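Visitor: Okay, so here is input.pdb, and as you'll see once you scroll down, it has PDB, C-alpha atoms, pLDDT in the B column.
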```
ATOM      1  CA  SER N   1     -55.576 -14.198  10.702  1.00 50.00           C
ATOM      2  CA  SER N   2     -52.400 -15.608  12.193  1.00 54.00           C
ATOM      3  CA  GLY N   3     -53.950 -19.068  11.793  1.00 55.00           C
ATOM      4  CA  ILE N   4     -53.362 -18.962   8.050  1.00 56.00           C
ATOM      5  CA  ASN N   5     -49.864 -18.867   6.586  1.00 58.00           C
ATOM      6  CA  ALA N   6     -48.141 -19.579   3.298  1.00 57.00           C
ATOM      7  CA  GLU N   7     -47.307 -23.150   4.324  1.00 63.00           C
ATOM      8  CA  TRP N   8     -50.914 -24.153   4.991  1.00 62.00           C
ATOM      9  CA  PRO N   9     -53.073 -24.507   1.879  1.00 65.00           C
ATOM     10  CA  LEU N  10     -56.787 -23.794   2.093  1.00 65.00           C
ATOM     11  CA  ARG N  11     -59.404 -26.334   1.076  1.00 71.00           C
ATOM     12  CA  PRO N  12     -62.884 -24.852   1.058  1.00 72.00           C
ATOM     13  CA  GLY N  13     -65.837 -27.203   1.273  1.00 75.00           C
ATOM     14  CA  ASN N  14     -69.045 -28.098   3.087  1.00 76.00           C
ATOM     15  CA  GLU N  15     -67.961 -31.497   4.409  1.00 78.00           C
ATOM     16  CA  LYS N  16     -67.726 -32.290   8.093  1.00 79.00           C
ATOM     17  CA  VAL N  17     -64.236 -32.277   9.640  1.00 79.00           C
ATOM     18  CA  GLU N  18     -64.177 -36.065  10.118  1.00 82.00           C
ATOM     19  CA  GLU N  19     -65.054 -36.603   6.429  1.00 83.00           C
ATOM     20  CA  VAL N  20     -62.187 -34.348   5.330  1.00 80.00           C
ATOM     21  CA  LYS N  21     -59.756 -36.104   7.697  1.00 80.00           C
ATOM     22  CA  GLU N  22     -60.771 -39.506   6.315  1.00 83.00           C
ATOM     23  CA  TYR N  23     -60.435 -38.239   2.734  1.00 82.00           C
ATOM     24  CA  PHE N  24     -56.844 -37.120   3.298  1.00 79.00           C
ATOM     25  CA  LYS N  25     -55.977 -40.279   5.266  1.00 80.00           C
ATOM     26  CA  SER N  26     -57.020 -42.380   2.271  1.00 82.00           C
ATOM     27  CA  HIS N  27     -55.130 -40.276  -0.297  1.00 80.00           C
ATOM     28  CA  LYS N  28     -51.467 -40.997   0.398  1.00 81.00           C
ATOM     29  CA  LYS N  29     -48.794 -41.481  -2.223  1.00 84.00           C
ATOM     30  CA  LEU N  30     -45.409 -43.156  -2.077  1.00 82.00           C
ATOM     31  CA  CYS N  31     -42.523 -40.970  -3.204  1.00 86.00           C
ATOM     32  CA  PHE N  32     -38.742 -40.975  -3.204  1.00 89.00           C
ATOM     33  CA  ALA N  33     -37.044 -40.229   0.116  1.00 91.00           C
ATOM     34  CA  ARG N  34     -34.781 -37.212   0.367  1.00 91.00           C
ATOM     35  CA  SER N  35     -31.493 -36.708   2.114  1.00 92.00           C
ATOM     36  CA  GLY N  36     -32.071 -36.681   5.871  1.00 92.00           C
ATOM     37  CA  SER N  37     -35.188 -38.876   5.717  1.00 92.00           C
ATOM     38  CA  VAL N  38     -35.113 -41.959   7.922  1.00 93.00           C
ATOM     39  CA  ALA N  39     -34.785 -45.233   6.016  1.00 94.00           C
ATOM     40  CA  THR N  40     -37.830 -47.454   6.486  1.00 92.00           C
ATOM     41  CA  GLU N  41     -35.986 -50.606   5.421  1.00 94.00           C
ATOM     42  CA  THR N  42     -32.483 -51.932   4.926  1.00 96.00           C
ATOM     43  CA  VAL N  43     -31.609 -52.124   1.220  1.00 96.00           C
ATOM     44  CA  VAL N  44     -28.808 -54.504   0.234  1.00 96.00           C
ATOM     45  CA  LEU N  45     -27.762 -54.911  -3.393  1.00 96.00           C
ATOM     46  CA  PRO N  46     -26.367 -58.359  -4.222  1.00 96.00           C
ATOM     47  CA  GLU N  47     -23.175 -58.793  -6.199  1.00 97.00           C
ATOM     48  CA  GLY N  48     -23.877 -59.060  -9.922  1.00 96.00           C
ATOM     49  CA  PRO N  49     -25.594 -57.207 -12.762  1.00 96.00           C
ATOM     50  CA  LEU N  50     -27.797 -54.159 -12.163  1.00 95.00           C
ATOM     51  CA  ASP N  51     -30.799 -53.507 -14.393  1.00 93.00           C
ATOM     52  CA  LEU N  52     -29.832 -49.917 -15.211  1.00 94.00           C
ATOM     53  CA  PRO N  53     -28.640 -48.248 -18.448  1.00 95.00           C
ATOM     54  CA  HIS N  54     -24.907 -48.680 -19.076  1.00 94.00           C
ATOM     55  CA  SER N  55     -24.487 -44.887 -19.307  1.00 95.00           C
ATOM     56  CA  MET N  56     -25.217 -44.605 -15.570  1.00 95.00           C
ATOM     57  CA  GLU N  57     -22.163 -46.613 -14.485  1.00 96.00           C
ATOM     58  CA  PRO N  58     -19.798 -43.645 -13.931  1.00 95.00           C
ATOM     59  CA  HIS N  59     -22.514 -41.824 -11.955  1.00 96.00           C
ATOM     60  CA  LEU N  60     -23.158 -44.879  -9.771  1.00 96.00           C
ATOM     61  CA  ARG N  61     -19.423 -45.161  -9.086  1.00 95.00           C
ATOM     62  CA  GLN N  62     -19.391 -41.478  -8.048  1.00 95.00           C
ATOM     63  CA  LEU N  63     -22.220 -42.263  -5.639  1.00 95.00           C
ATOM     64  CA  GLY N  64     -20.046 -44.903  -3.962  1.00 94.00           C
ATOM     65  CA  LEU N  65     -21.284 -48.120  -5.557  1.00 96.00           C
ATOM     66  CA  PRO N  66     -18.503 -50.601  -6.399  1.00 96.00           C
ATOM     67  CA  THR N  67     -19.436 -51.021 -10.070  1.00 96.00           C
ATOM     68  CA  LYS N  68     -17.793 -51.821 -13.382  1.00 95.00           C
ATOM     69  CA  LEU N  69     -19.033 -52.075 -16.938  1.00 95.00           C
ATOM     70  CA  LYS N  70     -18.815 -55.591 -18.425  1.00 94.00           C
ATOM     71  CA  ASP N  71     -20.066 -56.211 -21.975  1.00 94.00           C
ATOM     72  CA  GLY N  72     -22.313 -53.135 -21.760  1.00 93.00           C
ATOM     73  CA  VAL N  73     -23.914 -54.226 -18.463  1.00 95.00           C
ATOM     74  CA  ILE N  74     -23.379 -52.527 -15.103  1.00 96.00           C
ATOM     75  CA  VAL N  75     -22.051 -55.084 -12.631  1.00 96.00           C
ATOM     76  CA  LEU N  76     -21.809 -54.649  -8.871  1.00 96.00           C
ATOM     77  CA  ASN N  77     -18.384 -56.031  -7.811  1.00 95.00           C
ATOM     78  CA  GLN N  78     -19.568 -56.990  -4.329  1.00 96.00           C
ATOM     79  CA  GLU N  79     -22.673 -56.930  -2.155  1.00 97.00           C
ATOM     80  CA  HIS N  80     -23.412 -53.360  -1.085  1.00 96.00           C
ATOM     81  CA  THR N  81     -25.673 -52.038   1.678  1.00 96.00           C
ATOM     82  CA  VAL N  82     -27.315 -48.868   0.351  1.00 96.00           C
ATOM     83  CA  CYS N  83     -29.053 -47.908   3.609  1.00 95.00           C
ATOM     84  CA  THR N  84     -29.995 -49.299   7.007  1.00 96.00           C
ATOM     85  CA  ALA N  85     -33.502 -49.106   8.482  1.00 95.00           C
ATOM     86  CA  GLY N  86     -33.861 -46.404  11.121  1.00 94.00           C
ATOM     87  CA  GLN N  87     -30.863 -44.356   9.988  1.00 96.00           C
ATOM     88  CA  ALA N  88     -30.973 -41.006   8.192  1.00 95.00           C
ATOM     89  CA  LEU N  89     -30.283 -41.185   4.451  1.00 95.00           C
ATOM     90  CA  SER N  90     -27.260 -39.416   3.010  1.00 95.00           C
ATOM     91  CA  THR N  91     -27.611 -37.529  -0.259  1.00 95.00           C
ATOM     92  CA  GLN N  92     -25.850 -40.367  -2.095  1.00 96.00           C
ATOM     93  CA  GLU N  93     -28.117 -43.025  -0.571  1.00 96.00           C
ATOM     94  CA  ALA N  94     -31.252 -41.065  -1.493  1.00 95.00           C
ATOM     95  CA  VAL N  95     -30.061 -40.697  -5.100  1.00 95.00           C
ATOM     96  CA  ILE N  96     -29.198 -44.413  -5.376  1.00 95.00           C
ATOM     97  CA  LEU N  97     -32.636 -45.376  -4.031  1.00 95.00           C
ATOM     98  CA  LYS N  98     -34.267 -43.088  -6.586  1.00 94.00           C
ATOM     99  CA  HIS N  99     -32.282 -44.673  -9.433  1.00 94.00           C
ATOM    100  CA  LEU N 100     -33.385 -48.092  -8.187  1.00 93.00           C
ATOM    101  CA  GLY N 101     -37.033 -46.947  -8.108  1.00 92.00           C
ATOM    102  CA  ASN N 102     -37.311 -47.508  -4.350  1.00 92.00           C
ATOM    103  CA  SER N 103     -40.048 -45.238  -2.952  1.00 89.00           C
ATOM    104  CA  MET N 104     -39.289 -45.081   0.749  1.00 86.00           C
ATOM    105  CA  ALA N 105     -41.243 -41.953   1.708  1.00 83.00           C
ATOM    106  CA  GLU N 106     -44.945 -41.208   1.837  1.00 81.00           C
ATOM    107  CA  PHE N 107     -46.623 -37.962   0.833  1.00 83.00           C
ATOM    108  CA  ASN N 108     -49.724 -37.154   2.840  1.00 79.00           C
ATOM    109  CA  ILE N 109     -51.770 -34.147   3.869  1.00 78.00           C
ATOM    110  CA  GLU N 110     -52.737 -33.536   7.467  1.00 76.00           C
ATOM    111  CA  LEU N 111     -55.670 -31.366   8.525  1.00 75.00           C
ATOM    112  CA  MET N 112     -54.218 -28.678  10.795  1.00 76.00           C
ATOM    113  CA  SER N 113     -57.250 -26.438  11.408  1.00 76.00           C
ATOM    114  CA  HIS N 114     -60.797 -25.824  10.271  1.00 73.00           C
ATOM    115  CA  TRP N 115     -63.435 -23.108  10.175  1.00 74.00           C
ATOM    116  CA  SER N 116     -67.041 -24.142  10.701  1.00 73.00           C
ATOM    117  CA  ASP N 117     -70.147 -22.232  11.713  1.00 75.00           C
ATOM    118  CA  GLY N 118     -68.091 -19.118  12.463  1.00 75.00           C
ATOM    119  CA  ALA N 119     -65.598 -20.912  14.718  1.00 75.00           C
ATOM    120  CA  PHE N 120     -61.933 -21.447  13.856  1.00 75.00           C
ATOM    121  CA  THR N 121     -60.364 -24.510  15.503  1.00 75.00           C
ATOM    122  CA  VAL N 122     -56.654 -25.312  15.472  1.00 77.00           C
ATOM    123  CA  LEU N 123     -55.867 -29.022  15.427  1.00 72.00           C
ATOM    124  CA  SER N 124     -52.695 -30.647  16.718  1.00 59.00           C
ATOM    125  CA  GLU N 125     -50.471 -32.747  14.482  1.00 54.00           C
ATOM    126  CA  SER N 126     -52.340 -35.856  15.593  1.00 50.00           C
ATOM    127  CA  GLY N 127     -55.590 -34.354  14.268  1.00 46.00           C
ATOM    128  CA  THR N 128     -57.240 -33.647  17.626  1.00 49.00           C
ATOM    129  CA  ALA N 129     -58.294 -30.265  18.965  1.00 47.00           C
ATOM    130  CA  MET N 130     -55.594 -28.447  20.927  1.00 44.00           C
ATOM    131  CA  ASP N 131     -56.117 -26.950  24.370  1.00 39.00           C
ATOM    132  CA  ALA N 132     -56.339 -23.174  24.419  1.00 37.00           C
ATOM    133  CA  ALA N 133     -53.048 -23.005  26.346  1.00 36.00           C
ATOM    134  CA  ASP N 134     -51.272 -24.958  23.565  1.00 39.00           C
ATOM    135  CA  ASP N 135     -52.216 -22.745  20.621  1.00 40.00           C
ATOM    136  CA  ASP N 136     -50.087 -20.069  18.984  1.00 44.00           C
ATOM    137  CA  PHE N 137     -52.802 -17.430  19.038  1.00 41.00           C
ATOM    138  CA  GLY N 138     -52.509 -16.264  22.643  1.00 37.00           C
ATOM    139  CA  ASP N 139     -55.577 -14.224  23.561  1.00 35.00           C
ATOM    140  CA  GLU N 140     -56.520 -13.467  19.953  1.00 37.00           C
ATOM    141  CA  VAL N 141     -60.211 -13.824  19.295  1.00 36.00           C
ATOM    142  CA  ILE N 142     -60.930 -15.199  15.867  1.00 41.00           C
ATOM    143  CA  GLU N 143     -64.318 -14.089  14.605  1.00 42.00           C
ATOM    144  CA  ASP N 144     -66.346 -14.933  11.546  1.00 39.00           C
ATOM    145  CA  ALA N 145     -65.635 -12.332   8.848  1.00 40.00           C
ATOM    146  CA  ASN N 146     -69.304 -12.448   7.809  1.00 40.00           C
ATOM    147  CA  GLU N 147     -70.463 -11.069  11.164  1.00 43.00           C
ATOM    148  CA  ASN N 148     -69.086  -7.549  10.493  1.00 39.00           C
TER     149      ASN N 148
END
```
Just dump the structure as structure tokens.
Guide:
Amino acid sequence: SSGINAEWPLRPGNEKVEEVKEYFKSHKKLCFARSGSVATETVVLPEGPLDLPHSMEPHLRQLGLPTKLKDGVIVLNQEHTVCTAGQALSTQEAVILKHLGNSMAEFNIELMSHWSDGAFTVLSESGTAMDAADDDFGDEVIEDANEN
């Protein structure tokens, strides 16, 4: 069926659609943002020591942080704004946030369609049923494979 593609995993089960939606809504996980993600907060590093291994200092300097090594401790020479809320993250900003342990993104799974009692229903991104005119299936009739 054109309703199934390599980007949509299948989750077989006997639960009602609303139960599955609630399950996935409650199982979210914070993760590190990638380049191009929108920053959810402004992150400003104050001038002074950073709690990172001294071996990372050259890498942090390459990423644009104004750092130096003083007595084996990485020191930020001046206050530095890593990212600003609402703006897309650069590759360097995303890497710095990861080194700092700042999880700014959220991994979640959204129910896109379901098959129940022989009927296949495509859901919109908001989790509600789409109108027939909005689907990608055109006039295709999707039948239960068990009926043949």
Visitor: Can you measure atom CA of N:Thr81 to atom CA of N:Leu69 for me? One decimal in Å is fine.
Guide: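 Atom CA of N:Leu69 lies 19.8 Å from atom CA of N:Thr81.
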Visitor: Find the distance between atom CA of N:Thr121 and atom CA of N:Ser26 and write it in Å to one decimal.
Guide: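 Separating atom CA of N:Thr121 from atom CA of N:Ser26 is a distance of 22.5 Å.
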Visitor: Residues at most 9 Å from stretch 12-21 of chain N, counting only C-alpha atoms, excluding those fewer than 6 positions away in the same chain, as an MDAnalysis selection string?
Guide: chainID N and resid 110:111 114 116 127
Visitor: Deliver the residues from the most recent selection as a file, using C-alpha atoms, as a compact mmCIF listing (two decimals), in the coordinates of the input.
Guide:
```txt
# COMPACT_ATOMS: atom_id res chain seq x y z
CA GLU N 110 -52.74 -33.54 7.47
CA LEU N 111 -55.67 -31.37 8.52
CA HIS N 114 -60.80 -25.82 10.27
CA SER N 116 -67.04 -24.14 10.70
CA GLY N 127 -55.59 -34.35 14.27
```
Visitor: The PyMOL selection byres ((chain N and resi 54) around 8) on the file shown: which residues, as a list in words?
Guide: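 Given this file, the PyMOL selection byres ((chain N and resi 54) around 8) evaluates to Leu52, Pro53, Ser55, Met56, Glu57, Leu69, Gly72, Val73 and Ile74 of chain N.
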Visitor: My list of candidates is N:Arg11, N:Arg34, N:His59, N:His27. Which is closest to N:Asn108 when distances are computed with all atoms listed in the file?
Guide: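 Of N:Arg11, N:Arg34, N:His59, N:His27, the one nearest N:Asn108 is N:His27, counting all atoms listed in the file.
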